[in-house]
>>> print(open('run.tsv').read())   # TSV, C-alpha atoms and all ligand atoms
chain	number	residue	atom	x	y	z
E	228	GLY	CA	-57.43	-155.41	-167.18
E	229	LYS	CA	-57.07	-159.06	-166.35
E	230	SER	CA	-59.22	-160.19	-169.32
E	231	GLY	CA	-61.27	-162.48	-167.10
E	232	TYR	CA	-58.30	-164.15	-165.38
E	233	ASP	CA	-58.15	-164.05	-161.58
E	234	HIS	CA	-54.63	-162.67	-161.58
E	235	TYR	CA	-52.38	-160.72	-163.91
E	236	MET	CA	-49.83	-163.48	-163.56
E	237	LEU	CA	-52.20	-166.07	-165.03
E	238	LYS	CA	-53.21	-163.68	-167.80
E	239	GLU	CA	-49.56	-162.99	-168.61
E	240	ILE	CA	-48.71	-166.70	-168.66
E	241	HIS	CA	-51.54	-167.11	-171.18
E	242	ASP	CA	-50.31	-164.09	-173.17
E	243	GLN	CA	-47.13	-165.95	-174.10
E	244	PRO	CA	-48.12	-167.24	-177.55
E	245	ARG	CA	-49.00	-163.69	-178.61
E	246	ALA	CA	-45.94	-162.20	-176.95
E	247	ILE	CA	-43.65	-164.63	-178.78
E	248	ARG	CA	-45.37	-163.95	-182.10
E	249	ARG	CA	-44.79	-160.23	-181.61
E	250	CYS	CA	-41.14	-160.82	-180.78
E	251	LEU	CA	-40.66	-162.80	-184.00
E	252	ARG	CA	-42.69	-160.53	-186.29
E	253	GLY	CA	-40.67	-159.17	-189.20
E	254	ARG	CA	-37.45	-160.65	-187.89
E	255	LEU	CA	-37.41	-163.99	-189.73
E	256	ARG	CA	-36.89	-163.53	-193.45
E	257	GLU	CA	-39.44	-165.54	-195.41
E	258	LEU	CA	-37.25	-166.47	-198.34
E	259	ASP	CA	-34.18	-168.02	-196.78
E	260	GLY	CA	-35.30	-168.16	-193.18
E	261	ALA	CA	-32.42	-165.96	-192.01
E	262	VAL	CA	-32.80	-163.73	-188.96
E	263	GLU	CA	-32.74	-160.03	-189.70
E	264	ILE	CA	-33.08	-157.44	-186.97
E	265	ASP	CA	-33.38	-153.91	-188.36
E	266	GLU	CA	-32.53	-152.22	-185.07
E	267	LEU	CA	-29.15	-153.94	-184.94
E	268	GLY	CA	-27.67	-152.43	-188.10
E	269	GLY	CA	-23.95	-151.82	-187.60
E	270	LEU	CA	-23.51	-154.34	-184.81
E	271	ASP	CA	-20.53	-156.50	-185.79
E	272	ARG	CA	-19.70	-159.99	-184.62
E	273	PRO	CA	-18.01	-159.47	-181.23
E	274	ASP	CA	-14.94	-161.37	-180.00
E	275	ARG	CA	-16.71	-162.12	-176.74
E	276	VAL	CA	-20.00	-161.41	-175.03
E	277	HIS	CA	-20.75	-160.48	-171.43
E	278	PHE	CA	-24.36	-160.57	-170.31
E	279	VAL	CA	-25.32	-158.43	-167.32
E	280	ALA	CA	-28.71	-158.88	-165.65
E	281	CYS	CA	-30.58	-159.62	-162.41
E	282	GLY	CA	-33.14	-162.20	-161.31
E	283	THR	CA	-35.23	-163.72	-164.07
E	284	SER	CA	-33.36	-161.69	-166.67
E	285	TYR	CA	-30.13	-163.26	-165.41
E	286	HIS	CA	-31.64	-166.70	-166.01
E	287	ALA	CA	-32.48	-165.65	-169.58
E	288	SER	CA	-28.87	-164.46	-169.87
E	289	LEU	CA	-27.49	-167.84	-168.81
E	290	TYR	CA	-29.60	-169.31	-171.58
E	291	GLY	CA	-28.39	-166.65	-174.04
E	292	ALA	CA	-24.72	-167.12	-173.15
E	293	ARG	CA	-25.02	-170.81	-173.99
E	294	LEU	CA	-26.56	-169.94	-177.37
E	295	PHE	CA	-23.63	-167.65	-178.22
E	296	ARG	CA	-21.02	-170.13	-177.02
E	297	GLU	CA	-22.59	-172.84	-179.16
E	298	ARG	CA	-22.11	-170.51	-182.14
E	299	GLY	CA	-18.43	-170.03	-181.34
E	300	ILE	CA	-18.42	-166.75	-179.39
E	301	PRO	CA	-17.01	-166.99	-175.85
E	302	SER	CA	-19.84	-165.71	-173.65
E	303	THR	CA	-20.49	-165.40	-169.94
E	304	ALA	CA	-23.55	-164.29	-168.00
E	305	PHE	CA	-22.83	-162.07	-164.99
E	306	LEU	CA	-25.14	-160.95	-162.24
E	307	ALA	CA	-25.15	-157.21	-162.86
E	308	SER	CA	-24.50	-156.57	-159.17
E	309	GLU	CA	-21.30	-158.64	-159.41
E	310	TYR	CA	-20.04	-157.20	-162.69
E	311	ASP	CA	-16.74	-155.59	-161.89
E	312	VAL	CA	-15.52	-153.91	-165.03
E	313	GLY	CA	-12.18	-152.86	-163.50
E	314	LYS	CA	-11.25	-156.49	-162.89
E	315	ILE	CA	-12.77	-158.13	-165.97
E	316	PRO	CA	-10.87	-157.53	-169.21
E	317	ILE	CA	-13.08	-155.79	-171.75
E	318	ASP	CA	-12.37	-153.81	-174.91
E	319	GLU	CA	-14.08	-152.71	-178.11
E	320	GLY	CA	-14.29	-156.37	-179.19
E	321	THR	CA	-16.47	-157.10	-176.16
E	322	ALA	CA	-20.23	-156.80	-176.50
E	323	VAL	CA	-21.88	-156.20	-173.14
E	324	ILE	CA	-25.53	-157.15	-173.34
E	325	GLY	CA	-27.82	-155.84	-170.61
E	326	VAL	CA	-30.98	-157.92	-170.34
E	327	THR	CA	-33.65	-156.02	-168.43
E	328	GLN	CA	-37.40	-156.23	-168.84
E	329	SER	CA	-38.09	-152.86	-167.23
E	330	GLY	CA	-34.92	-151.18	-168.44
E	331	GLU	CA	-34.74	-149.47	-165.04
E	332	THR	CA	-32.91	-151.99	-162.84
E	333	ALA	CA	-30.19	-150.02	-161.05
E	334	ASP	CA	-27.52	-152.74	-161.06
E	335	THR	CA	-27.98	-153.48	-164.75
E	336	LEU	CA	-27.89	-149.79	-165.63
E	337	ALA	CA	-24.70	-149.31	-163.60
E	338	ALA	CA	-23.03	-152.26	-165.34
E	339	LEU	CA	-23.98	-150.91	-168.79
E	340	ARG	CA	-22.64	-147.45	-167.88
E	341	GLU	CA	-19.32	-148.88	-166.76
E	342	ALA	CA	-19.10	-151.03	-169.88
E	343	ASN	CA	-19.72	-147.95	-172.02
E	344	SER	CA	-16.98	-145.98	-170.34
E	345	ALA	CA	-14.59	-148.92	-170.70
E	346	GLY	CA	-15.15	-148.84	-174.46
E	347	ALA	CA	-17.26	-151.95	-174.93
E	348	THR	CA	-20.06	-152.18	-177.46
E	349	THR	CA	-23.29	-152.18	-175.47
E	350	VAL	CA	-26.64	-153.73	-176.30
E	351	THR	CA	-29.83	-153.55	-174.25
E	352	VAL	CA	-32.50	-156.22	-174.54
E	353	SER	CA	-35.60	-154.67	-173.00
E	354	ASN	CA	-39.38	-154.65	-172.98
E	355	VAL	CA	-39.82	-150.95	-172.38
E	356	VAL	CA	-39.34	-148.51	-175.24
E	357	GLY	CA	-37.37	-145.46	-174.16
E	358	SER	CA	-36.36	-146.99	-170.81
E	359	SER	CA	-33.13	-145.83	-169.15
E	360	ALA	CA	-31.23	-148.96	-170.22
E	361	SER	CA	-32.38	-148.62	-173.81
E	362	ARG	CA	-31.06	-145.04	-173.86
E	363	GLU	CA	-27.78	-146.09	-172.26
E	364	ALA	CA	-26.71	-148.67	-174.88
E	365	ASP	CA	-25.30	-148.41	-178.40
E	366	HIS	CA	-27.97	-150.84	-179.69
E	367	VAL	CA	-31.41	-151.89	-178.45
E	368	LEU	CA	-33.39	-155.03	-179.11
E	369	TYR	CA	-36.98	-154.82	-177.92
E	370	ILE	CA	-38.59	-158.06	-176.82
E	371	ARG	CA	-42.14	-156.72	-177.45
E	372	ALA	CA	-43.82	-158.82	-174.73
E	373	GLY	CA	-46.35	-156.08	-173.96
E	374	PRO	CA	-46.86	-154.60	-170.48
E	375	GLU	CA	-46.23	-156.98	-167.59
E	376	ILE	CA	-48.15	-156.02	-164.44
E	377	SER	CA	-47.59	-158.98	-162.13
E	378	VAL	CA	-44.41	-158.61	-160.07
E	379	ALA	CA	-43.30	-162.11	-161.08
E	380	ALA	CA	-41.82	-162.04	-164.57
E	381	THR	CA	-43.40	-164.65	-166.85
E	382	LYS	CA	-44.06	-163.67	-170.45
E	383	THR	CA	-41.04	-161.41	-170.49
E	384	PHE	CA	-38.80	-164.39	-169.66
E	385	ALA	CA	-40.12	-166.34	-172.67
E	386	SER	CA	-39.75	-163.27	-174.87
E	387	GLN	CA	-36.19	-162.72	-173.64
E	388	GLN	CA	-35.29	-166.32	-174.50
E	389	VAL	CA	-36.77	-165.89	-177.98
E	390	ALA	CA	-35.12	-162.49	-178.49
E	391	LEU	CA	-31.73	-163.89	-177.45
E	392	THR	CA	-32.18	-166.80	-179.86
E	393	LEU	CA	-32.77	-164.24	-182.63
E	394	LEU	CA	-29.86	-162.09	-181.48
E	395	ALA	CA	-27.43	-165.01	-181.42
E	396	SER	CA	-28.47	-166.02	-184.94
E	397	ALA	CA	-28.34	-162.46	-186.26
E	398	ILE	CA	-24.92	-161.63	-184.78
E	399	THR	CA	-23.24	-164.85	-185.86
E	400	GLY	CA	-25.01	-165.16	-189.20
E	401	ALA	CA	-25.51	-168.78	-188.17
E	402	CYS	CA	-28.96	-169.66	-189.31
E	403	ASP	CA	-29.89	-173.08	-188.06
E	404	ARG	CA	-32.93	-174.00	-190.11
E	405	ASP	CA	-34.32	-176.51	-187.66
E	406	THR	CA	-34.24	-173.99	-184.84
E	407	LEU	CA	-35.81	-171.28	-186.97
E	408	GLU	CA	-38.55	-173.63	-188.09
E	409	ALA	CA	-39.15	-174.56	-184.46
E	410	LEU	CA	-39.23	-170.86	-183.54
E	411	ARG	CA	-42.07	-170.32	-185.98
E	412	SER	CA	-44.01	-173.16	-184.33
E	413	LEU	CA	-43.19	-172.04	-180.80
E	414	PRO	CA	-46.34	-169.90	-180.24
E	415	ASP	CA	-48.55	-172.87	-181.21
E	416	HIS	CA	-46.54	-175.21	-179.01
E	417	VAL	CA	-46.90	-172.84	-176.05
E	418	GLN	CA	-50.62	-172.63	-176.75
E	419	SER	CA	-50.96	-176.39	-176.66
E	420	VAL	CA	-49.11	-176.51	-173.32
E	421	LEU	CA	-51.54	-173.91	-171.95
E	422	ASP	CA	-54.58	-175.75	-173.32
E	423	GLN	CA	-53.55	-179.14	-171.97
E	424	SER	CA	-51.73	-178.36	-168.74
E	425	ARG	CA	-52.88	-180.31	-165.69
E	426	THR	CA	-50.46	-178.59	-163.34
E	427	HIS	CA	-53.28	-177.61	-160.94
E	428	GLU	CA	-53.49	-181.31	-160.04
E	429	ILE	CA	-49.76	-181.46	-159.32
E	430	ALA	CA	-50.06	-178.28	-157.26
E	431	ALA	CA	-52.95	-179.70	-155.25
E	432	GLU	CA	-50.81	-182.71	-154.41
E	433	TYR	CA	-47.63	-180.87	-153.42
E	434	ALA	CA	-48.81	-177.51	-152.00
E	435	ASP	CA	-48.41	-178.75	-148.50
E	436	ALA	CA	-47.02	-177.11	-145.39
E	437	GLU	CA	-45.40	-180.47	-144.53
E	438	MET	CA	-42.94	-180.05	-147.38
E	439	ASP	CA	-39.46	-178.83	-146.39
E	440	ALA	CA	-38.39	-177.51	-149.77
E	441	TYR	CA	-38.87	-177.83	-153.52
E	442	PHE	CA	-35.99	-178.57	-155.85
E	443	PHE	CA	-35.72	-177.91	-159.56
E	444	ILE	CA	-33.07	-179.58	-161.69
E	445	GLY	CA	-32.08	-179.48	-165.35
E	446	ARG	CA	-29.03	-179.72	-167.57
E	447	GLY	CA	-27.69	-177.66	-170.45
E	448	TYR	CA	-30.32	-175.33	-171.92
E	449	ALA	CA	-32.73	-176.60	-169.26
E	450	ALA	CA	-30.48	-175.56	-166.33
E	451	PRO	CA	-31.47	-171.85	-166.41
E	452	VAL	CA	-35.12	-172.95	-166.51
E	453	ALA	CA	-34.57	-175.00	-163.36
E	454	LEU	CA	-33.23	-171.86	-161.64
E	455	GLU	CA	-36.19	-169.87	-162.93
E	456	GLY	CA	-38.73	-172.49	-161.81
E	457	ALA	CA	-37.40	-172.22	-158.26
E	458	LEU	CA	-37.30	-168.42	-158.30
E	459	LYS	CA	-40.90	-168.24	-159.46
E	460	LEU	CA	-42.11	-170.65	-156.80
E	461	LYS	CA	-40.27	-168.98	-153.90
E	462	GLU	CA	-41.31	-165.53	-155.02
E	463	ILE	CA	-45.04	-166.10	-155.08
E	464	SER	CA	-45.61	-169.06	-152.71
E	465	TYR	CA	-42.95	-168.15	-150.06
E	466	ALA	CA	-41.97	-171.82	-150.01
E	467	HIS	CA	-38.28	-172.63	-149.90
E	468	ALA	CA	-37.29	-173.55	-153.43
E	469	GLU	CA	-33.88	-174.10	-154.96
E	470	GLY	CA	-32.86	-174.71	-158.53
E	471	PHE	CA	-29.55	-175.99	-159.80
E	472	PRO	CA	-27.91	-177.81	-162.68
E	473	ALA	CA	-28.62	-181.48	-161.98
E	474	GLY	CA	-24.93	-182.38	-161.90
E	475	GLU	CA	-24.57	-180.34	-158.71
E	476	LEU	CA	-26.93	-182.58	-156.72
E	477	LYS	CA	-24.20	-184.88	-155.48
E	478	HIS	CA	-22.03	-181.92	-154.48
E	479	GLY	CA	-24.26	-180.89	-151.58
E	480	PRO	CA	-28.00	-180.50	-152.11
E	481	LEU	CA	-28.57	-184.28	-152.04
E	482	ALA	CA	-28.06	-184.09	-148.26
E	483	LEU	CA	-31.41	-182.28	-148.01
E	484	VAL	CA	-33.39	-184.71	-150.13
E	485	THR	CA	-36.12	-186.66	-148.30
E	486	GLU	CA	-39.73	-187.63	-148.90
E	487	ARG	CA	-40.60	-184.03	-148.01
E	488	THR	CA	-38.66	-182.41	-150.88
E	489	PRO	CA	-40.53	-182.66	-154.18
E	490	VAL	CA	-38.11	-182.48	-157.12
E	491	PHE	CA	-39.13	-181.00	-160.47
E	492	ALA	CA	-36.86	-182.32	-163.21
E	493	VAL	CA	-36.74	-180.72	-166.65
E	494	VAL	CA	-35.90	-183.56	-169.01
E	495	THR	CA	-35.61	-182.16	-172.52
E	496	GLY	CA	-33.36	-182.48	-175.55
E	497	ASP	CA	-29.85	-183.63	-174.77
E	498	SER	CA	-30.68	-183.61	-171.09
E	499	ARG	CA	-32.82	-186.71	-171.67
E	500	ALA	CA	-29.56	-188.59	-171.54
E	501	GLU	CA	-28.59	-191.21	-169.03
E	502	THR	CA	-26.87	-188.76	-166.64
E	503	MET	CA	-30.10	-186.85	-166.02
E	504	LEU	CA	-32.07	-190.04	-165.51
E	505	GLY	CA	-29.36	-191.09	-163.06
E	506	ASN	CA	-29.85	-187.81	-161.16
E	507	ILE	CA	-33.58	-188.48	-160.99
E	508	ASN	CA	-33.01	-191.94	-159.59
E	509	GLU	CA	-30.64	-190.47	-156.97
E	510	VAL	CA	-33.44	-188.35	-155.54
E	511	SER	CA	-36.27	-190.83	-155.97
E	512	SER	CA	-34.28	-193.55	-154.19
E	513	ARG	CA	-34.12	-191.13	-151.19
E	514	GLY	CA	-37.90	-191.01	-151.24
E	515	ALA	CA	-38.34	-187.64	-152.94
E	516	PRO	CA	-41.46	-187.27	-155.08
E	517	VAL	CA	-40.32	-186.54	-158.66
E	518	VAL	CA	-42.23	-184.60	-161.30
E	519	ALA	CA	-40.59	-184.80	-164.72
E	520	VAL	CA	-41.38	-182.12	-167.28
E	521	THR	CA	-40.41	-183.73	-170.55
E	522	ASP	CA	-40.77	-183.78	-174.32
E	523	SER	CA	-39.87	-187.44	-174.43
E	524	PRO	CA	-42.47	-189.41	-176.39
E	525	GLU	CA	-41.24	-192.60	-174.71
E	526	PRO	CA	-41.74	-193.36	-171.03
E	527	LEU	CA	-38.65	-192.16	-169.12
E	528	ALA	CA	-36.31	-194.87	-167.95
E	529	ALA	CA	-36.33	-193.37	-164.46
E	530	ASP	CA	-38.42	-193.55	-161.34
E	531	VAL	CA	-40.84	-190.60	-161.51
E	532	ASP	CA	-44.20	-189.98	-159.81
E	533	HIS	CA	-45.67	-187.70	-162.46
E	534	VAL	CA	-44.89	-186.81	-166.04
E	535	VAL	CA	-45.83	-183.33	-167.22
E	536	PRO	CA	-45.63	-183.51	-171.01
E	537	ILE	CA	-44.62	-180.83	-173.48
E	538	PRO	CA	-44.58	-181.05	-177.29
E	539	GLU	CA	-41.42	-182.38	-178.91
E	540	THR	CA	-39.40	-179.59	-180.50
E	541	ASP	CA	-35.89	-178.27	-181.06
E	542	PRO	CA	-33.74	-179.16	-178.01
E	543	ARG	CA	-32.81	-175.51	-177.46
E	544	LEU	CA	-36.43	-174.37	-177.40
E	545	ALA	CA	-37.95	-177.22	-175.40
E	546	PRO	CA	-36.93	-175.61	-172.08
E	547	ILE	CA	-39.08	-172.59	-172.98
E	548	LEU	CA	-42.09	-174.93	-173.11
E	549	ALA	CA	-41.04	-176.67	-169.90
E	550	ASN	CA	-40.82	-173.28	-168.24
E	551	VAL	CA	-44.47	-172.56	-169.06
E	552	GLN	CA	-45.43	-175.68	-167.11
E	553	LEU	CA	-43.23	-174.57	-164.19
E	554	GLN	CA	-44.80	-171.10	-164.21
E	555	LEU	CA	-48.19	-172.77	-163.90
E	556	VAL	CA	-46.96	-175.06	-161.11
E	557	ALA	CA	-45.78	-172.00	-159.16
E	558	TYR	CA	-49.04	-170.18	-159.84
E	559	TRP	CA	-51.27	-173.04	-158.72
E	560	ILE	CA	-49.19	-173.81	-155.63
E	561	ALA	CA	-49.31	-170.14	-154.57
E	562	ARG	CA	-53.04	-170.16	-155.18
E	563	GLU	CA	-53.53	-173.31	-153.09
E	564	LEU	CA	-51.67	-171.51	-150.31
E	565	GLY	CA	-53.77	-168.36	-150.68
E	566	ARG	CA	-50.84	-166.06	-151.46
E	567	SER	CA	-50.91	-162.55	-152.84
E	568	ILE	CA	-49.87	-163.71	-156.28
E	569	ASP	CA	-49.55	-160.49	-158.25
E	570	LYS	CA	-47.92	-158.52	-155.44
E	571	PRO	CA	-45.78	-160.84	-153.31
E	572	ARG	CA	-44.66	-159.44	-149.97
E	573	ASN	CA	-41.41	-157.42	-149.87
E	574	LEU	CA	-40.95	-157.32	-153.65
E	575	ALA	CA	-41.21	-154.50	-156.20
E	576	LYS	CA	-41.69	-154.85	-159.95
E	577	SER	CA	-38.74	-152.69	-160.71
E	578	VAL	CA	-35.64	-152.46	-158.49
E	579	THR	CA	-34.20	-148.98	-158.91
E	580	VAL	CA	-31.70	-149.01	-156.03
E	581	GLN	CA	-28.40	-150.94	-155.96
D	601	LIG	C1	-38.65	-162.26	-160.86
D	601	LIG	C2	-38.42	-160.89	-161.26
D	601	LIG	C3	-37.10	-160.26	-160.95
D	601	LIG	C4	-36.62	-159.45	-162.16
D	601	LIG	C5	-35.36	-158.64	-161.81
D	601	LIG	C6	-34.80	-157.92	-163.01
D	601	LIG	O1	-39.91	-162.69	-161.23
D	601	LIG	O2	-39.27	-160.28	-161.84
D	601	LIG	O3	-36.15	-161.20	-160.59
D	601	LIG	O4	-36.36	-160.33	-163.20
D	601	LIG	O5	-35.67	-157.72	-160.80
D	601	LIG	O6	-35.73	-157.04	-163.54
D	601	LIG	P1	-35.53	-156.40	-164.98
D	601	LIG	O7	-35.64	-157.48	-165.97
D	601	LIG	O8	-36.61	-155.38	-165.10
D	601	LIG	O9	-34.15	-155.79	-164.99
>>> encode(input="run.tsv", output="structure tokens", more="lines below")
Ligand code: F6R
Amino acid sequence: GKSGYDHYMLKEIHDQPRAIRRCLRGRLRELDGAVEIDELGGLDRPDRVHFVACGTSYHASLYGARLFRERGIPSTAFLASEYDVGKIPIDEGTAVIGVTQSGETADTLAALREANSAGATTVTVSNVVGSSASREADHVLYIRAGPEISVAATKTFASQQVALTLLASAITGACDRDTLEALRSLPDHVQSVLDQSRTHEIAAEYADAEMDAYFFIGRGYAAPVALEGALKLKEISYAHAEGFPAGELKHGPLALVTERTPVFAVVTGDSRAETMLGNINEVSSRGAPVVAVTDSPEPLAADVDHVVPIPETDPRLAPILANVQLQLVAYWIARELGRSIDKPRNLAKSVTVQ
């Protein structure tokens, strides 16, 4: 059931500390802190990685590809529906990683099948034991988020980000102690975000039919979270929302920015730098209301209307915390607007046709 929450989505957002703990359990060695994933025995370090996924899982893949690249493995995230094996060079040195919560998404399954027949090493990252995608691949990594009922993916996104962090460390043998220490603290950090979030106040201010659109911006590891924040909001509130890497603002979207386009800016880690603050000032000087989700302990040197704080942590993991705030923003805006939160119109939990 909903354990006393009004919606499955809210329950699943609050499940995240437990979901992350389950994903980590038994996978971080106590003694030296190294990552060890039993299921992945025999998976060698690939020459390159292709992620294939759809929707929220694609956003997790963008995040994962960056983690692998940072560890020296050329990696690209593809939308599964655009993955064209015939035209993309792949061989046995290529690991094709399908990220799919349900394990039943038709496009992701098709991409994995093609990758298998082209001789790649395939890996499925899934939440559902025995799902079609987990049977299709050479290796499976389960994210262990527990059942997700709400159509909008929430806890499975966090669990995918954590699982991909583990996978990148396990495959490359690169064990970054600070990140691993931060991973151990992540469930508690998420819990403190949940306990202290005041996003319902932000939602009450901006859930307004007078708004033209909502923008979400971020850089680096926070860029996929900006995309995800927009997807979540459009999916359950039916408001027009767009997310993009902040550097893209000047290349088009800025033309739309007015006092009726609230901008949510994820300002974490390296993206706290001057460039991001410059992007914020670009939108605020056009009159846009700006909400900054940030782990900065200092006031931001930029013109923002609201600061939504998150605990300070490893720069790669901070976007996971920021995302929890954005999930709550989407939830409370949809609720203000009286939407059908757990079952948005026109959408299905699992998309089994291409
Ligand atoms: C968004 C959402 C979808 C799914 C997408 C892929 O909230 O749930 O975008 O992420 O349909 O689904 P899976 O991960 O099951 O392959």
>>> residues_around(input="run.tsv", residues="E:Ile463", least_positions_apart="2", cutoff="6 Å", atoms="all atoms listed in the file", output="VMD selection string")
chain E and resid 460 to 461 465 561 568 571
>>> atom_distance(input="run.tsv", atom1="atom O5 of ligand LIG 601 (chain D)", atom2="atom CA of E:Glu437")
29.6 Å
>>> residues_near_ligand(input="run.tsv", ligand="ligand LIG 601 (chain D)", cutoff="7 Å", atoms="all atoms listed in the file", output="list in words")
Ala280, Cys281, Gly282, Thr283, Ser284, Val326, Thr327, Gln328, Ser329, Gly330, Glu331, Thr332, Thr335, Val378, Ala379, Ala380, Thr381, Leu458, Lys459, Glu462, Lys576, Ser577 and Val578 of chain E
>>> atom_distance(input="run.tsv", atom1="atom CA of E:Leu555", atom2="atom CA of E:Tyr441")
14.8 Å
>>> closest_atom_pairs(input="run.tsv", of="stretch 274-332 of chain E", to="stretch 530-548 of chain E", cutoff="12 Å", atoms="all atoms listed in the file", output="JSON lines")
{"residue": "E:His286", "atom": "CA", "partner": "E:Ile547", "partner_atom": "CA", "distance": 11.8}
{"residue": "E:Ala287", "atom": "CA", "partner": "E:Ile547", "partner_atom": "CA", "distance": 10.2}
{"residue": "E:Tyr290", "atom": "CA", "partner": "E:Arg543", "partner_atom": "CA", "distance": 9.1}
{"residue": "E:Gly291", "atom": "CA", "partner": "E:Arg543", "partner_atom": "CA", "distance": 10.5}
{"residue": "E:Arg293", "atom": "CA", "partner": "E:Arg543", "partner_atom": "CA", "distance": 9.7}
{"residue": "E:Leu294", "atom": "CA", "partner": "E:Arg543", "partner_atom": "CA", "distance": 8.4}
{"residue": "E:Glu297", "atom": "CA", "partner": "E:Arg543", "partner_atom": "CA", "distance": 10.7}
